[in-house]
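Source file: my_file18.txt (compact mmCIF, N, CA, C and O atoms)
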```txt
# COMPACT_ATOMS: atom_id res chain seq x y z
N GLU J 1 -20.93 -53.71 62.55
CA GLU J 1 -21.31 -52.35 62.21
C GLU J 1 -20.17 -51.72 61.43
O GLU J 1 -19.02 -51.82 61.85
N ALA J 2 -20.49 -51.08 60.32
CA ALA J 2 -19.44 -50.46 59.51
C ALA J 2 -19.98 -49.28 58.73
O ALA J 2 -20.83 -49.44 57.86
N SER J 3 -19.50 -48.11 59.06
CA SER J 3 -19.77 -46.89 58.31
C SER J 3 -18.50 -46.05 58.37
O SER J 3 -17.62 -46.33 59.18
N PRO J 4 -18.38 -45.02 57.56
CA PRO J 4 -17.18 -44.19 57.65
C PRO J 4 -17.01 -43.54 59.03
O PRO J 4 -15.88 -43.28 59.46
N GLU J 5 -18.09 -43.31 59.74
CA GLU J 5 -18.03 -42.63 61.03
C GLU J 5 -17.77 -43.56 62.21
O GLU J 5 -17.18 -43.14 63.21
N ARG J 6 -18.22 -44.82 62.10
CA ARG J 6 -18.12 -45.74 63.25
C ARG J 6 -18.08 -47.17 62.75
O ARG J 6 -18.87 -47.57 61.90
N LEU J 7 -17.14 -47.94 63.33
CA LEU J 7 -17.00 -49.35 62.97
C LEU J 7 -16.84 -50.16 64.25
O LEU J 7 -16.27 -49.69 65.23
N VAL J 8 -17.34 -51.40 64.22
CA VAL J 8 -17.22 -52.31 65.35
C VAL J 8 -16.73 -53.66 64.82
O VAL J 8 -17.24 -54.15 63.80
N GLY J 9 -15.75 -54.24 65.50
CA GLY J 9 -15.23 -55.55 65.11
C GLY J 9 -14.70 -56.28 66.33
O GLY J 9 -14.46 -55.68 67.38
N THR J 10 -14.53 -57.59 66.19
CA THR J 10 -14.06 -58.41 67.31
C THR J 10 -12.88 -59.29 66.89
O THR J 10 -12.68 -59.55 65.71
N VAL J 11 -12.13 -59.72 67.91
CA VAL J 11 -11.03 -60.67 67.73
C VAL J 11 -11.10 -61.67 68.88
O VAL J 11 -11.26 -61.26 70.04
N PRO J 12 -10.99 -62.97 68.60
CA PRO J 12 -10.94 -63.94 69.69
C PRO J 12 -9.57 -63.88 70.38
O PRO J 12 -8.55 -63.69 69.72
N VAL J 13 -9.58 -64.06 71.68
CA VAL J 13 -8.30 -64.11 72.41
C VAL J 13 -7.59 -65.42 72.06
O VAL J 13 -6.39 -65.42 71.78
N GLU J 14 -8.33 -66.53 72.07
CA GLU J 14 -7.74 -67.83 71.75
C GLU J 14 -7.12 -67.80 70.35
O GLU J 14 -7.74 -67.34 69.39
N GLY J 15 -5.88 -68.24 70.26
CA GLY J 15 -5.16 -68.25 69.00
C GLY J 15 -4.40 -66.96 68.72
O GLY J 15 -3.70 -66.87 67.72
N ASN J 16 -4.58 -65.97 69.59
CA ASN J 16 -3.93 -64.68 69.41
C ASN J 16 -3.18 -64.24 70.67
O ASN J 16 -3.12 -63.05 70.98
N THR J 17 -2.63 -65.22 71.38
CA THR J 17 -1.95 -64.90 72.64
C THR J 17 -0.43 -64.92 72.49
O THR J 17 0.11 -65.55 71.58
N GLN J 18 0.22 -64.23 73.40
CA GLN J 18 1.68 -64.29 73.48
C GLN J 18 2.05 -65.44 74.41
O GLN J 18 1.16 -66.12 74.93
N PRO J 19 3.32 -65.74 74.61
CA PRO J 19 3.73 -66.92 75.36
C PRO J 19 3.18 -67.01 76.80
O PRO J 19 3.10 -68.11 77.35
N PHE J 20 2.78 -65.91 77.40
CA PHE J 20 2.27 -65.93 78.77
C PHE J 20 0.76 -66.09 78.84
O PHE J 20 0.16 -65.99 79.90
N GLY J 21 0.11 -66.34 77.69
CA GLY J 21 -1.32 -66.60 77.66
C GLY J 21 -2.20 -65.36 77.60
O GLY J 21 -3.41 -65.45 77.70
N LEU J 22 -1.59 -64.19 77.41
CA LEU J 22 -2.34 -62.94 77.31
C LEU J 22 -2.54 -62.58 75.84
O LEU J 22 -1.71 -62.93 74.99
N LEU J 23 -3.63 -61.89 75.54
CA LEU J 23 -3.84 -61.42 74.18
C LEU J 23 -2.62 -60.64 73.75
O LEU J 23 -2.16 -59.73 74.45
N HIS J 24 -2.07 -60.98 72.61
CA HIS J 24 -0.88 -60.30 72.09
C HIS J 24 -1.24 -58.86 71.75
O HIS J 24 -2.28 -58.58 71.15
N GLY J 25 -0.37 -57.92 72.13
CA GLY J 25 -0.61 -56.52 71.81
C GLY J 25 -0.76 -56.28 70.32
O GLY J 25 -1.50 -55.40 69.89
N GLY J 26 -0.06 -57.07 69.53
CA GLY J 26 -0.17 -56.95 68.08
C GLY J 26 -1.57 -57.26 67.57
O GLY J 26 -2.00 -56.71 66.56
N ALA J 27 -2.29 -58.13 68.27
CA ALA J 27 -3.66 -58.44 67.87
C ALA J 27 -4.55 -57.21 68.05
O ALA J 27 -5.43 -56.95 67.22
N ASN J 28 -4.31 -56.45 69.12
CA ASN J 28 -5.04 -55.19 69.30
C ASN J 28 -4.75 -54.23 68.16
O ASN J 28 -5.65 -53.58 67.63
N VAL J 29 -3.49 -54.15 67.77
CA VAL J 29 -3.09 -53.23 66.70
C VAL J 29 -3.68 -53.67 65.36
O VAL J 29 -4.15 -52.84 64.57
N VAL J 30 -3.69 -54.98 65.10
CA VAL J 30 -4.31 -55.49 63.87
C VAL J 30 -5.79 -55.13 63.83
O VAL J 30 -6.31 -54.70 62.80
N LEU J 31 -6.49 -55.30 64.95
CA LEU J 31 -7.91 -54.96 65.00
C LEU J 31 -8.10 -53.47 64.73
O LEU J 31 -8.94 -53.08 63.92
N ALA J 32 -7.31 -52.63 65.39
CA ALA J 32 -7.43 -51.18 65.21
C ALA J 32 -7.15 -50.78 63.77
O ALA J 32 -7.89 -49.99 63.17
N GLU J 33 -6.08 -51.32 63.19
CA GLU J 33 -5.73 -50.95 61.81
C GLU J 33 -6.78 -51.46 60.83
O GLU J 33 -7.12 -50.77 59.86
N SER J 34 -7.32 -52.63 61.07
CA SER J 34 -8.36 -53.17 60.18
C SER J 34 -9.59 -52.28 60.20
O SER J 34 -10.15 -51.94 59.14
N LEU J 35 -10.02 -51.88 61.39
CA LEU J 35 -11.20 -51.02 61.49
C LEU J 35 -10.96 -49.66 60.83
O LEU J 35 -11.80 -49.18 60.06
N GLY J 36 -9.82 -49.05 61.10
CA GLY J 36 -9.52 -47.75 60.50
C GLY J 36 -9.39 -47.82 58.99
O GLY J 36 -9.85 -46.93 58.27
N SER J 37 -8.78 -48.88 58.49
CA SER J 37 -8.61 -49.03 57.04
C SER J 37 -9.95 -49.25 56.35
O SER J 37 -10.21 -48.67 55.29
N VAL J 38 -10.80 -50.07 56.93
CA VAL J 38 -12.13 -50.30 56.34
C VAL J 38 -12.94 -49.02 56.37
O VAL J 38 -13.60 -48.65 55.39
N GLY J 39 -12.92 -48.30 57.49
CA GLY J 39 -13.64 -47.03 57.58
C GLY J 39 -13.17 -46.03 56.54
O GLY J 39 -13.98 -45.36 55.89
N THR J 40 -11.86 -45.94 56.38
CA THR J 40 -11.31 -45.03 55.38
C THR J 40 -11.73 -45.44 53.98
O THR J 40 -12.09 -44.60 53.14
N HIS J 41 -11.71 -46.75 53.71
CA HIS J 41 -12.13 -47.24 52.40
C HIS J 41 -13.61 -46.91 52.14
O HIS J 41 -13.98 -46.50 51.03
N LEU J 42 -14.45 -47.08 53.15
CA LEU J 42 -15.87 -46.74 53.00
C LEU J 42 -16.04 -45.24 52.72
O LEU J 42 -16.89 -44.84 51.93
N HIS J 43 -15.22 -44.43 53.36
CA HIS J 43 -15.28 -42.97 53.16
C HIS J 43 -14.78 -42.59 51.76
O HIS J 43 -15.39 -41.77 51.08
N ALA J 44 -13.68 -43.19 51.33
CA ALA J 44 -13.01 -42.79 50.08
C ALA J 44 -13.68 -43.35 48.84
O ALA J 44 -13.59 -42.75 47.77
N GLY J 45 -14.31 -44.50 48.96
CA GLY J 45 -14.95 -45.12 47.80
C GLY J 45 -14.14 -46.27 47.25
O GLY J 45 -12.94 -46.40 47.52
N PRO J 46 -14.78 -47.13 46.47
CA PRO J 46 -14.18 -48.39 46.03
C PRO J 46 -13.02 -48.26 45.04
O PRO J 46 -12.28 -49.22 44.86
N THR J 47 -12.84 -47.12 44.41
CA THR J 47 -11.76 -46.99 43.43
C THR J 47 -10.47 -46.42 44.02
O THR J 47 -9.47 -46.33 43.32
N ARG J 48 -10.51 -46.03 45.29
CA ARG J 48 -9.32 -45.44 45.93
C ARG J 48 -8.57 -46.51 46.71
O ARG J 48 -9.16 -47.46 47.23
N ARG J 49 -7.26 -46.36 46.80
CA ARG J 49 -6.42 -47.26 47.59
C ARG J 49 -6.15 -46.62 48.95
O ARG J 49 -5.99 -45.41 49.04
N ILE J 50 -6.06 -47.47 49.97
CA ILE J 50 -5.90 -47.00 51.35
C ILE J 50 -4.63 -47.62 51.94
O ILE J 50 -4.41 -48.82 51.81
N VAL J 51 -3.82 -46.81 52.63
CA VAL J 51 -2.68 -47.33 53.37
C VAL J 51 -2.64 -46.67 54.74
O VAL J 51 -2.92 -45.48 54.88
N GLY J 52 -2.30 -47.46 55.75
CA GLY J 52 -2.09 -46.90 57.08
C GLY J 52 -0.75 -46.20 57.12
O GLY J 52 0.25 -46.73 56.63
N ILE J 53 -0.70 -44.99 57.70
CA ILE J 53 0.58 -44.27 57.77
C ILE J 53 1.04 -44.05 59.21
O ILE J 53 2.21 -43.72 59.43
N GLU J 54 0.16 -44.24 60.19
CA GLU J 54 0.56 -44.07 61.58
C GLU J 54 -0.43 -44.80 62.46
O GLU J 54 -1.63 -44.77 62.22
N ILE J 55 0.11 -45.49 63.47
CA ILE J 55 -0.76 -46.13 64.45
C ILE J 55 -0.04 -46.16 65.79
O ILE J 55 1.18 -46.31 65.85
N SER J 56 -0.80 -45.96 66.85
CA SER J 56 -0.25 -46.08 68.20
C SER J 56 -1.29 -46.78 69.06
O SER J 56 -2.49 -46.70 68.80
N ALA J 57 -0.81 -47.49 70.07
CA ALA J 57 -1.71 -48.22 70.95
C ALA J 57 -1.20 -48.19 72.37
O ALA J 57 0.01 -48.32 72.60
N SER J 58 -2.11 -48.03 73.31
CA SER J 58 -1.80 -48.14 74.74
C SER J 58 -2.60 -49.30 75.29
O SER J 58 -3.82 -49.36 75.13
N HIS J 59 -1.90 -50.24 75.92
CA HIS J 59 -2.53 -51.44 76.47
C HIS J 59 -2.78 -51.21 77.96
O HIS J 59 -1.86 -50.96 78.72
N HIS J 60 -4.06 -51.29 78.37
CA HIS J 60 -4.45 -50.94 79.72
C HIS J 60 -4.68 -52.14 80.63
O HIS J 60 -4.45 -52.06 81.83
N LYS J 61 -5.18 -53.22 80.05
CA LYS J 61 -5.57 -54.39 80.85
C LYS J 61 -5.44 -55.62 79.97
O LYS J 61 -5.75 -55.57 78.78
N SER J 62 -4.99 -56.71 80.55
CA SER J 62 -4.82 -57.93 79.75
C SER J 62 -6.15 -58.65 79.54
O SER J 62 -7.10 -58.48 80.31
N ALA J 63 -6.20 -59.44 78.48
CA ALA J 63 -7.33 -60.33 78.21
C ALA J 63 -6.75 -61.73 78.05
O ALA J 63 -5.75 -61.93 77.36
N THR J 64 -7.39 -62.72 78.70
CA THR J 64 -6.88 -64.09 78.67
C THR J 64 -7.87 -65.08 78.05
O THR J 64 -7.50 -66.22 77.81
N SER J 65 -9.10 -64.64 77.82
CA SER J 65 -10.09 -65.53 77.22
C SER J 65 -11.20 -64.69 76.59
O SER J 65 -11.26 -63.48 76.78
N GLY J 66 -12.08 -65.37 75.86
CA GLY J 66 -13.22 -64.69 75.26
C GLY J 66 -12.85 -63.93 74.01
O GLY J 66 -11.99 -64.35 73.23
N ILE J 67 -13.51 -62.82 73.82
CA ILE J 67 -13.24 -61.97 72.67
C ILE J 67 -13.00 -60.54 73.15
O ILE J 67 -13.39 -60.18 74.26
N VAL J 68 -12.34 -59.76 72.32
CA VAL J 68 -12.25 -58.33 72.55
C VAL J 68 -12.98 -57.64 71.41
O VAL J 68 -13.03 -58.16 70.28
N THR J 69 -13.58 -56.50 71.72
CA THR J 69 -14.37 -55.76 70.75
C THR J 69 -13.76 -54.38 70.56
O THR J 69 -13.50 -53.67 71.54
N GLY J 70 -13.53 -54.01 69.32
CA GLY J 70 -13.01 -52.69 68.99
C GLY J 70 -14.10 -51.82 68.42
O GLY J 70 -14.87 -52.26 67.58
N VAL J 71 -14.16 -50.58 68.90
CA VAL J 71 -15.09 -49.58 68.36
C VAL J 71 -14.24 -48.42 67.86
O VAL J 71 -13.55 -47.76 68.64
N ALA J 72 -14.27 -48.20 66.56
CA ALA J 72 -13.50 -47.13 65.92
C ALA J 72 -14.44 -45.96 65.63
O ALA J 72 -15.48 -46.14 65.00
N THR J 73 -14.04 -44.79 66.08
CA THR J 73 -14.81 -43.57 65.85
C THR J 73 -13.96 -42.59 65.07
O THR J 73 -12.82 -42.31 65.45
N ALA J 74 -14.51 -42.05 64.00
CA ALA J 74 -13.77 -41.12 63.15
C ALA J 74 -13.47 -39.84 63.91
O ALA J 74 -14.33 -39.27 64.58
N VAL J 75 -12.22 -39.40 63.79
CA VAL J 75 -11.80 -38.10 64.30
C VAL J 75 -11.86 -37.09 63.16
O VAL J 75 -12.40 -36.00 63.30
N THR J 76 -11.29 -37.49 62.01
CA THR J 76 -11.35 -36.67 60.80
C THR J 76 -11.57 -37.57 59.60
O THR J 76 -11.04 -38.67 59.53
N LEU J 77 -12.36 -37.08 58.66
CA LEU J 77 -12.60 -37.77 57.39
C LEU J 77 -12.33 -36.75 56.28
O LEU J 77 -13.20 -35.99 55.90
N GLY J 78 -11.10 -36.73 55.81
CA GLY J 78 -10.71 -35.73 54.82
C GLY J 78 -10.59 -36.29 53.42
O GLY J 78 -10.92 -37.45 53.15
N LYS J 79 -10.07 -35.44 52.53
CA LYS J 79 -9.89 -35.86 51.13
C LYS J 79 -8.71 -36.81 50.98
O LYS J 79 -8.71 -37.68 50.11
N THR J 80 -7.69 -36.65 51.83
CA THR J 80 -6.50 -37.50 51.70
C THR J 80 -6.14 -38.23 53.00
O THR J 80 -5.37 -39.19 52.94
N LEU J 81 -6.64 -37.80 54.13
CA LEU J 81 -6.33 -38.45 55.41
C LEU J 81 -7.59 -38.70 56.22
O LEU J 81 -8.49 -37.86 56.25
N CYS J 82 -7.61 -39.84 56.89
CA CYS J 82 -8.67 -40.16 57.85
C CYS J 82 -8.01 -40.65 59.13
O CYS J 82 -7.05 -41.43 59.08
N THR J 83 -8.52 -40.21 60.26
CA THR J 83 -7.99 -40.63 61.56
C THR J 83 -9.14 -41.17 62.41
O THR J 83 -10.24 -40.60 62.42
N TYR J 84 -8.84 -42.27 63.12
CA TYR J 84 -9.82 -42.92 63.99
C TYR J 84 -9.23 -43.14 65.38
O TYR J 84 -8.06 -43.48 65.52
N ASN J 85 -10.08 -42.96 66.39
CA ASN J 85 -9.79 -43.43 67.74
C ASN J 85 -10.46 -44.78 67.89
O ASN J 85 -11.63 -44.94 67.50
N VAL J 86 -9.75 -45.74 68.48
CA VAL J 86 -10.29 -47.09 68.64
C VAL J 86 -10.22 -47.47 70.11
O VAL J 86 -9.14 -47.40 70.71
N GLU J 87 -11.34 -47.85 70.69
CA GLU J 87 -11.39 -48.35 72.06
C GLU J 87 -11.68 -49.84 71.99
O GLU J 87 -12.65 -50.26 71.35
N ILE J 88 -10.84 -50.63 72.66
CA ILE J 88 -11.00 -52.07 72.68
C ILE J 88 -11.34 -52.50 74.09
O ILE J 88 -10.69 -52.07 75.06
N THR J 89 -12.39 -53.33 74.21
CA THR J 89 -12.85 -53.79 75.51
C THR J 89 -12.95 -55.32 75.55
O THR J 89 -13.08 -55.96 74.51
N ASN J 90 -12.91 -55.87 76.76
CA ASN J 90 -13.06 -57.32 76.93
C ASN J 90 -14.53 -57.67 77.07
O ASN J 90 -15.41 -56.80 76.97
N ASP J 91 -14.80 -58.96 77.33
CA ASP J 91 -16.18 -59.43 77.46
C ASP J 91 -16.94 -58.75 78.59
O ASP J 91 -18.17 -58.70 78.58
N LYS J 92 -16.23 -58.24 79.59
CA LYS J 92 -16.86 -57.57 80.73
C LYS J 92 -17.08 -56.08 80.48
O LYS J 92 -17.57 -55.37 81.33
N GLY J 93 -16.68 -55.61 79.29
CA GLY J 93 -16.82 -54.20 78.97
C GLY J 93 -15.69 -53.33 79.52
O GLY J 93 -15.75 -52.11 79.44
N GLU J 94 -14.63 -53.97 80.03
CA GLU J 94 -13.49 -53.24 80.57
C GLU J 94 -12.56 -52.84 79.43
O GLU J 94 -12.26 -53.65 78.55
N LYS J 95 -12.09 -51.60 79.47
CA LYS J 95 -11.18 -51.12 78.43
C LYS J 95 -9.84 -51.81 78.55
O LYS J 95 -9.21 -51.79 79.60
N THR J 96 -9.41 -52.47 77.47
CA THR J 96 -8.13 -53.17 77.47
C THR J 96 -7.07 -52.44 76.65
O THR J 96 -5.88 -52.62 76.87
N CYS J 97 -7.51 -51.62 75.69
CA CYS J 97 -6.56 -50.94 74.81
C CYS J 97 -7.23 -49.73 74.18
O CYS J 97 -8.44 -49.76 73.90
N THR J 98 -6.46 -48.68 73.98
CA THR J 98 -6.91 -47.57 73.13
C THR J 98 -5.87 -47.38 72.04
O THR J 98 -4.67 -47.53 72.29
N ALA J 99 -6.34 -47.09 70.85
CA ALA J 99 -5.44 -46.92 69.71
C ALA J 99 -5.90 -45.74 68.88
O ALA J 99 -7.06 -45.31 68.96
N ARG J 100 -4.98 -45.25 68.08
CA ARG J 100 -5.28 -44.17 67.13
C ARG J 100 -4.58 -44.52 65.82
O ARG J 100 -3.40 -44.87 65.81
N ILE J 101 -5.33 -44.45 64.74
CA ILE J 101 -4.78 -44.79 63.43
C ILE J 101 -5.09 -43.68 62.42
O ILE J 101 -6.20 -43.12 62.43
N THR J 102 -4.11 -43.39 61.58
CA THR J 102 -4.30 -42.44 60.48
C THR J 102 -4.01 -43.19 59.18
O THR J 102 -2.99 -43.88 59.07
N CYS J 103 -4.93 -43.05 58.23
CA CYS J 103 -4.79 -43.68 56.92
C CYS J 103 -4.70 -42.62 55.83
O CYS J 103 -5.35 -41.57 55.92
N LEU J 104 -3.93 -42.94 54.81
CA LEU J 104 -3.77 -42.07 53.64
C LEU J 104 -4.62 -42.63 52.51
O LEU J 104 -4.63 -43.83 52.25
N ILE J 105 -5.33 -41.74 51.84
CA ILE J 105 -6.13 -42.11 50.68
C ILE J 105 -5.30 -41.80 49.44
O ILE J 105 -4.97 -40.64 49.18
N LEU J 106 -4.97 -42.84 48.70
CA LEU J 106 -4.15 -42.69 47.49
C LEU J 106 -5.03 -42.48 46.26
O LEU J 106 -6.25 -42.62 46.32
N ALA J 107 -4.39 -42.18 45.14
CA ALA J 107 -5.10 -41.96 43.88
C ALA J 107 -5.91 -43.18 43.47
O ALA J 107 -5.68 -44.29 43.95
N GLU J 108 -6.81 -42.95 42.55
CA GLU J 108 -7.63 -44.06 42.04
C GLU J 108 -6.74 -45.08 41.35
O GLU J 108 -5.69 -44.75 40.84
N ARG J 109 -7.21 -46.32 41.34
CA ARG J 109 -6.47 -47.41 40.70
C ARG J 109 -6.49 -47.28 39.22
O ARG J 109 -7.33 -46.81 38.58
```
Here is the file; what I need is its structure written in the form of structure tokens.
Amino acid sequence: EASPERLVGTVPVEGNTQPFGLLHGGANVVLAESLGSVGTHLHAGPTRRIVGIEISASHHKSATSGIVTGVATAVTLGKTLCTYNVEITNDKGEKTCTARITCLILAER
């Protein structure tokens, strides 16, 4: 699912773990930034460039197998800035991470 207002994406745990076998926190951040960047790009249009300018993540519960699913919901969709809240859950629907990303919309290419 992908629209400027709401995006959904997944990441497999396998291949994205840290040395203790848990989903790497960076994988959560990559998922959140990818969803926010795509949403901002959909909002801004194909001729605008998008860069992430701020991201934060809180990790609530570990994931050791399966996939995690991120749901990004727009907080603001402006002319130059877009912000998304991202909730990431495991296969059981348990919240594993929450993130917030802000993207800057740059001039046309």
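Counting only C-alpha atoms, the residue from J:Glu87, J:Glu108, J:Glu14, J:Glu5 that sits nearest to His60 (chain J) is J:Glu87.
Using all atoms listed in the file, the smallest distance between any of J:Ile101, J:Leu106, J:Leu22, J:Val51 and Thr73 (chain J) comes from J:Ile101.
Using all atoms listed in the file, the shortest contact distance between Cys82 (chain J) and any of J:Ile50, J:Val8, J:Ile105, J:Ala57 is found at J:Ile105.
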Long-range neighbours of Lys79 (chain J) as a ChimeraX atom specification, 8 Å cut-off, only N, CA, C and O atoms, 2 positions minimum in chain:
/J:43-44,76-77,81-82,103-107
Could you write out the selected residues, including N, CA, C and O atoms, as an mmCIF file, keeping the file's coordinate frame?
```cif
data_model
loop_
_atom_site.group_PDB
_atom_site.id
_atom_site.type_symbol
_atom_site.label_atom_id
_atom_site.label_comp_id
_atom_site.auth_asym_id
_atom_site.auth_seq_id
_atom_site.Cartn_x
_atom_site.Cartn_y
_atom_site.Cartn_z
ATOM 1 N N HIS J 43 -15.220 -44.430 53.360
ATOM 2 C CA HIS J 43 -15.280 -42.970 53.160
ATOM 3 C C HIS J 43 -14.780 -42.590 51.760
ATOM 4 O O HIS J 43 -15.390 -41.770 51.080
ATOM 5 N N ALA J 44 -13.680 -43.190 51.330
ATOM 6 C CA ALA J 44 -13.010 -42.790 50.080
ATOM 7 C C ALA J 44 -13.680 -43.350 48.840
ATOM 8 O O ALA J 44 -13.590 -42.750 47.770
ATOM 9 N N THR J 76 -11.290 -37.490 62.010
ATOM 10 C CA THR J 76 -11.350 -36.670 60.800
ATOM 11 C C THR J 76 -11.570 -37.570 59.600
ATOM 12 O O THR J 76 -11.040 -38.670 59.530
ATOM 13 N N LEU J 77 -12.360 -37.080 58.660
ATOM 14 C CA LEU J 77 -12.600 -37.770 57.390
ATOM 15 C C LEU J 77 -12.330 -36.750 56.280
ATOM 16 O O LEU J 77 -13.200 -35.990 55.900
ATOM 17 N N LEU J 81 -6.640 -37.800 54.130
ATOM 18 C CA LEU J 81 -6.330 -38.450 55.410
ATOM 19 C C LEU J 81 -7.590 -38.700 56.220
ATOM 20 O O LEU J 81 -8.490 -37.860 56.250
ATOM 21 N N CYS J 82 -7.610 -39.840 56.890
ATOM 22 C CA CYS J 82 -8.670 -40.160 57.850
ATOM 23 C C CYS J 82 -8.010 -40.650 59.130
ATOM 24 O O CYS J 82 -7.050 -41.430 59.080
ATOM 25 N N CYS J 103 -4.930 -43.050 58.230
ATOM 26 C CA CYS J 103 -4.790 -43.680 56.920
ATOM 27 C C CYS J 103 -4.700 -42.620 55.830
ATOM 28 O O CYS J 103 -5.350 -41.570 55.920
ATOM 29 N N LEU J 104 -3.930 -42.940 54.810
ATOM 30 C CA LEU J 104 -3.770 -42.070 53.640
ATOM 31 C C LEU J 104 -4.620 -42.630 52.510
ATOM 32 O O LEU J 104 -4.630 -43.830 52.250
ATOM 33 N N ILE J 105 -5.330 -41.740 51.840
ATOM 34 C CA ILE J 105 -6.130 -42.110 50.680
ATOM 35 C C ILE J 105 -5.300 -41.800 49.440
ATOM 36 O O ILE J 105 -4.970 -40.640 49.180
ATOM 37 N N LEU J 106 -4.970 -42.840 48.700
ATOM 38 C CA LEU J 106 -4.150 -42.690 47.490
ATOM 39 C C LEU J 106 -5.030 -42.480 46.260
ATOM 40 O O LEU J 106 -6.250 -42.620 46.320
ATOM 41 N N ALA J 107 -4.390 -42.180 45.140
ATOM 42 C CA ALA J 107 -5.100 -41.960 43.880
ATOM 43 C C ALA J 107 -5.910 -43.180 43.470
ATOM 44 O O ALA J 107 -5.680 -44.290 43.950
#
```
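Among the candidate residues J:Gly21, J:Thr69, J:Pro12, J:Thr98, the one lying nearest to Ser56 (chain J) is J:Thr98, with distances computed using only N, CA, C and O atoms.
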Step one, run DSSP on the backbone; step two, keep only residues of chain J assigned to strand (DSSP E or B); then write them as a PyMOL selection string.
chain J and resi 2+6-12+17+23+48-59+67-77+81-89+95-108
Using all atoms listed in the file, pick whichever of J:Thr96, J:Asn85, J:Ser3, J:Ser58 has the shortest atom-to-atom distance to His41 (chain J).
J:Ser3
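Residues of region 29-92 of chain J assigned to alpha helix (DSSP H) by DSSP on this structure's backbone: J:Val29, J:Val30, J:Leu31, J:Ala32, J:Glu33, J:Ser34, J:Leu35, J:Gly36, J:Ser37, J:Val38, J:Gly39, J:Thr40, J:His41, J:Leu42, J:His43, J:Ala44.
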Starting from the incomplete input, reconstruct all heavy atoms of region 7-12 of chain J and report them as a PDB file, in the frame of the given file.
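Generated output (result_17.pdb):
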```
ATOM      1  N   LEU J   7     -17.140 -47.940  63.330  1.00  0.00           N
ATOM      2  CA  LEU J   7     -17.000 -49.350  62.970  1.00  0.00           C
ATOM      3  C   LEU J   7     -16.840 -50.160  64.250  1.00  0.00           C
ATOM      4  O   LEU J   7     -16.270 -49.690  65.230  1.00  0.00           O
ATOM      5  CB  LEU J   7     -15.773 -49.577  62.093  1.00  0.00           C
ATOM      6  CG  LEU J   7     -15.812 -48.843  60.762  1.00  0.00           C
ATOM      7  CD1 LEU J   7     -15.013 -47.579  60.843  1.00  0.00           C
ATOM      8  CD2 LEU J   7     -15.356 -49.732  59.665  1.00  0.00           C
ATOM      9  N   VAL J   8     -17.340 -51.400  64.220  1.00  0.00           N
ATOM     10  CA  VAL J   8     -17.220 -52.310  65.350  1.00  0.00           C
ATOM     11  C   VAL J   8     -16.730 -53.660  64.820  1.00  0.00           C
ATOM     12  O   VAL J   8     -17.240 -54.150  63.800  1.00  0.00           O
ATOM     13  CB  VAL J   8     -18.566 -52.498  66.090  1.00  0.00           C
ATOM     14  CG1 VAL J   8     -18.420 -53.463  67.250  1.00  0.00           C
ATOM     15  CG2 VAL J   8     -19.109 -51.151  66.569  1.00  0.00           C
ATOM     16  N   GLY J   9     -15.750 -54.240  65.500  1.00  0.00           N
ATOM     17  CA  GLY J   9     -15.230 -55.550  65.110  1.00  0.00           C
ATOM     18  C   GLY J   9     -14.700 -56.280  66.330  1.00  0.00           C
ATOM     19  O   GLY J   9     -14.460 -55.680  67.380  1.00  0.00           O
ATOM     20  N   THR J  10     -14.530 -57.590  66.190  1.00  0.00           N
ATOM     21  CA  THR J  10     -14.060 -58.410  67.310  1.00  0.00           C
ATOM     22  C   THR J  10     -12.880 -59.290  66.890  1.00  0.00           C
ATOM     23  O   THR J  10     -12.680 -59.550  65.710  1.00  0.00           O
ATOM     24  CB  THR J  10     -15.178 -59.327  67.842  1.00  0.00           C
ATOM     25  OG1 THR J  10     -15.582 -60.219  66.799  1.00  0.00           O
ATOM     26  CG2 THR J  10     -16.373 -58.525  68.343  1.00  0.00           C
ATOM     27  N   VAL J  11     -12.130 -59.720  67.910  1.00  0.00           N
ATOM     28  CA  VAL J  11     -11.030 -60.670  67.730  1.00  0.00           C
ATOM     29  C   VAL J  11     -11.100 -61.670  68.880  1.00  0.00           C
ATOM     30  O   VAL J  11     -11.260 -61.260  70.040  1.00  0.00           O
ATOM     31  CB  VAL J  11      -9.656 -59.943  67.747  1.00  0.00           C
ATOM     32  CG1 VAL J  11      -8.513 -60.913  67.901  1.00  0.00           C
ATOM     33  CG2 VAL J  11      -9.475 -59.118  66.511  1.00  0.00           C
ATOM     34  N   PRO J  12     -10.990 -62.970  68.600  1.00  0.00           N
ATOM     35  CA  PRO J  12     -10.940 -63.940  69.690  1.00  0.00           C
ATOM     36  C   PRO J  12      -9.570 -63.880  70.380  1.00  0.00           C
ATOM     37  O   PRO J  12      -8.550 -63.690  69.720  1.00  0.00           O
ATOM     38  CB  PRO J  12     -11.148 -65.276  68.994  1.00  0.00           C
ATOM     39  CG  PRO J  12     -10.640 -65.059  67.607  1.00  0.00           C
ATOM     40  CD  PRO J  12     -10.931 -63.613  67.285  1.00  0.00           C
TER      41      PRO J  12
END
```
